Amino acid sequence: MRDPLQRLYKTKLALLATIFVVVGAALLVLVKWPGLLPEWFHNLPLTDLGSALFTTGLVAIAFAYVDGNDSEARAEERMRATLRSEAPAIREAVIRGFAVGTEDLKRVATPELLDQIAENSIGLRFGDQQFAREVYGDIRDQAIKSAERWYDAKVQIDIGVPVDAAPAQAPVFDIVVRWEYSVVPHHRFRSFAAVSDRDRYEELAGESGETSVWFHPSVPGLPATDPAAFALQQFTVNGEDRRITRREDSTSQIYSVDVGADALAANEAVDVSFTYVSRLAQSGHIVRFDVDRPTRGLAVEMNYDNIGVASMRLFDYTANRLRPKPVGESTTPNGRRLRFAYDGWLFPRSGLLFAWVLDAEVQTTTRGGRGDARPPKRRSGRARTPFGSTLKVSRRPSGSPLPRPPSRRRRPEPKT
C-alpha cells in the first residue's frame with residue numbers, strides 16, 4: 001500500500017495533467033470557433049499553445065499510468081543503494097551520539113536497553129560477556145538498592161576501657177563511633193539495628209534501604225538486645241537533634257530516627273551526623289566497619305591509648321587500585337591513632353578492619369615478661385601460639401617436599 005505522501009504526489013500529477021488537457025482543448029476550441037475572438041487574437045500562437053498543453057496532459061496521464069509501478073521500484077532501489085553506501089557513517093554517528101549525547105540516549109532508551117548496551121560494552125572491553133554481565137549486574141543492583149549516596153564522610157572512632165563493665169562477665173572495650181557526611185535524603189526514617197542472630201543479620205543487611213545493621217558477637221552476660229551492648233546516642237540533621245526511638249525483640253534491638261519531611265521534600269543535600277556506642281569483648285581482637293552506602297570520600301581516624309593494647313593493625317577491604325598507601329600506627333601527644341583516607345568512590349561491602357594484640361598476650365609470648373631469649377622447650381607434637389591456642393606440629397622426613405597448605409575461604413566479617 002502506498003503511503004499518504006505517495007498518493008498525494010499521484011493525485012497532484014493527475015490533477016495537473018487534467019488541467020493541461022482541459023486548457024489545451026479550450027484554446028483549440030476558441031481558436032477554431034468563427035467570430036468568437038477579435039481579429040488581433042488570431043495573430044497569437046494560441047493553436048500551438050493549446051496543442052502543446054493538450055498533448056502534454058495526455059502524455060503525462062498515459063506515462064503515469066504505464067510507468068507507475070516501475071517508478072516506485074526505481075525509487076525504492078535508489079533508497080536502498082543510498083542506505084547501503086551510507087550505513088557505516090550512519091551507524092558510527094548513532095553510536096557516537098549515544099556515547100556522548102546522553103540526552104538523546106535518554107529520550108529513546110528504556111532501562112532494559114541501557115542495561116544491554118552497558119553489558120555489551122563491558123563485555124567487549126573485558127573480552128568475556130558472562131563476566132561482564134555478572135560484574136555489571138552486581139554494581140547495578142548495589143546502585144539501585146542504595147538510593148542515597150554519601151559524600152565527604154568522616155568517621156572518628158575512640159576505644160576505651162569502661163569504668164563499670166557490668167553486666168558483661170568478661171573484659172570489654174567501649175567503642176564510640178561518630179559519622180559525619182552529606183547526603184540528599186531519600187528516606188524519611190533511618191534505622192540502626194544490632195543483631196546477634198546470623199540469619200537475621202543477613203536478612204537485614206540484604207535489604208539495605210533505610211536500615212544500617214551491626215552484627216554484635218556474643219559477650220558473656222551481655223546480649224545484643226542490651227542497650228549496654230549497642231546504643232545510638234545522637235542523630236542530627238544540619239546540626240539539629242532528632243528524636244530517637246528504640247524497640248527490641250528476641251535477637252535484635254533497632255533504633256529509629258525521623259529525618260524530617262522538610263528535609264526529604266527539599267531534595268537538597270543536608271549534613272548528617274550520628275554517634276553510637278558499642279561494647280565488645282577484648283578477646284575478640286577485631287572490629288570491622290563497613291560502608292553500607294555508595295560513598296565518595298572517606299576519612300577514618302581510630303584513637304586508642306592506655307587501654308592495654310600492645311599494637312593495632314588496620315586492614316582495608318577495597319579494590320586494589322583504590323587502596324591508598326599503607327597506614328601505620330602513630331603516637332601523638334594526645335595518644336595513639338590510626339588513619340585512613342580515600343577521595344574516590346567506595347561501594348557497599350567495602351570496609352575497614354582493625355585488629356589488636358593485648359599487652360597481656362605479648363607478655364605471655366615473652367615467658368611471663370622476663371625477656372628470656374632462650375627458645376621454649378619443644379613439646380612432643382604440639383606448640384603454643386601467641387593467643388593461647390595449640391597448633392599441632394608434625395615431623396617431616398629429611399628431603400621430602402613441604403606439604404601444600406589447605407585452601408581456606410573465609411567469610412567476610414560482619415559489621416560491628
# chains A, B, ... in the order shown; residues from 1 in each chain; ligands from 1
>>> select_by_dssp(residues="range 13-192 of chain A", states="helix (DSSP H, G or I)", output="ChimeraX atom specification")
/A:13-32,39-43,46-100,102-108,111-126,129-145
>>> closest_residue(among="A:Ile157, A:Ala14, A:Val270, A:Val357", to="Val59 in chain A", atoms="only C-alpha atoms")
A:Ala14
>>> closest_residue(among="A:Pro111, A:Pro162, A:Pro4, A:Pro45", to="Ile307 in chain A", atoms="only C-alpha atoms")
A:Pro162
>>> closest_residue(among="A:Ala355, A:Ile175, A:Ala228, A:Val257", to="His187 in chain A", atoms="only C-alpha atoms")
A:Val257
>>> residues_around(residues="Pro223 in chain A", least_positions_apart="5", cutoff="8 Å", atoms="only C-alpha atoms", output="PyMOL selection string")
chain A and resi 196+218+229
>>> write_last_selection(atoms="C-alpha atoms", output="tab-separated table (two decimals), in the first residue's frame")
chain	number	residue	atom	x	y	z
A	196	SER	CA	23.17	-11.41	67.35
A	218	SER	CA	28.06	-12.70	71.90
A	229	ALA	CA	25.94	-3.64	74.12
>>> closest_residue(among="A:Ala17, A:Val291, A:Ala73, A:Ile117", to="Tyr151 in chain A", atoms="only C-alpha atoms")
A:Val291
>>> closest_residue(among="A:His216, A:Val195, A:Gly57, A:Phe274", to="Leu15 in chain A", atoms="only C-alpha atoms")
A:Gly57
>>> closest_residue(among="A:Gly221, A:Ser278, A:Arg313, A:Asp115", to="Glu134 in chain A", atoms="only C-alpha atoms")
A:Asp115
>>> residues_around(residues="Leu298 in chain A", least_positions_apart="6", cutoff="9 Å", atoms="only C-alpha atoms", output="list in words")
Tyr151, Asp152, Ala153, Lys154, Val155, Phe340, Ala341, Tyr342, Asp343, Gly344, Trp345 and Leu346 of chain A
>>> write_last_selection(atoms="C-alpha atoms", output="PDB file, in the first residue's frame")
ATOM      1  CA  TYR A 151      29.723  12.427  50.280  1.00  0.00           C
ATOM      2  CA  ASP A 152      32.752  13.532  52.328  1.00  0.00           C
ATOM      3  CA  ALA A 153      32.201  11.004  55.098  1.00  0.00           C
ATOM      4  CA  LYS A 154      34.292  11.399  58.263  1.00  0.00           C
ATOM      5  CA  VAL A 155      34.451   8.705  60.935  1.00  0.00           C
ATOM      6  CA  PHE A 340      42.695   6.025  56.629  1.00  0.00           C
ATOM      7  CA  ALA A 341      41.643   8.387  53.837  1.00  0.00           C
ATOM      8  CA  TYR A 342      40.420   7.982  50.280  1.00  0.00           C
ATOM      9  CA  ASP A 343      38.808  10.582  47.985  1.00  0.00           C
ATOM     10  CA  GLY A 344      37.143   8.282  45.414  1.00  0.00           C
ATOM     11  CA  TRP A 345      34.029   6.136  45.447  1.00  0.00           C
ATOM     12  CA  LEU A 346      33.646   3.262  47.877  1.00  0.00           C
TER      13      LEU A 346
END
>>> atom_distance(atom1="CA of Ser146 in chain A", atom2="CA of Leu124 in chain A")
27.5 Å
>>> residues_around(residues="Gln156 in chain A", least_positions_apart="2", cutoff="12 Å", atoms="only C-alpha atoms", output="PyMOL selection string")
chain A and resi 153-154+158-159+175-181+273-277+289+298-304+337-341
>>> atom_distance(atom1="CA of Asn120 in chain A", atom2="CA of Ala143 in chain A")
19.1 Å
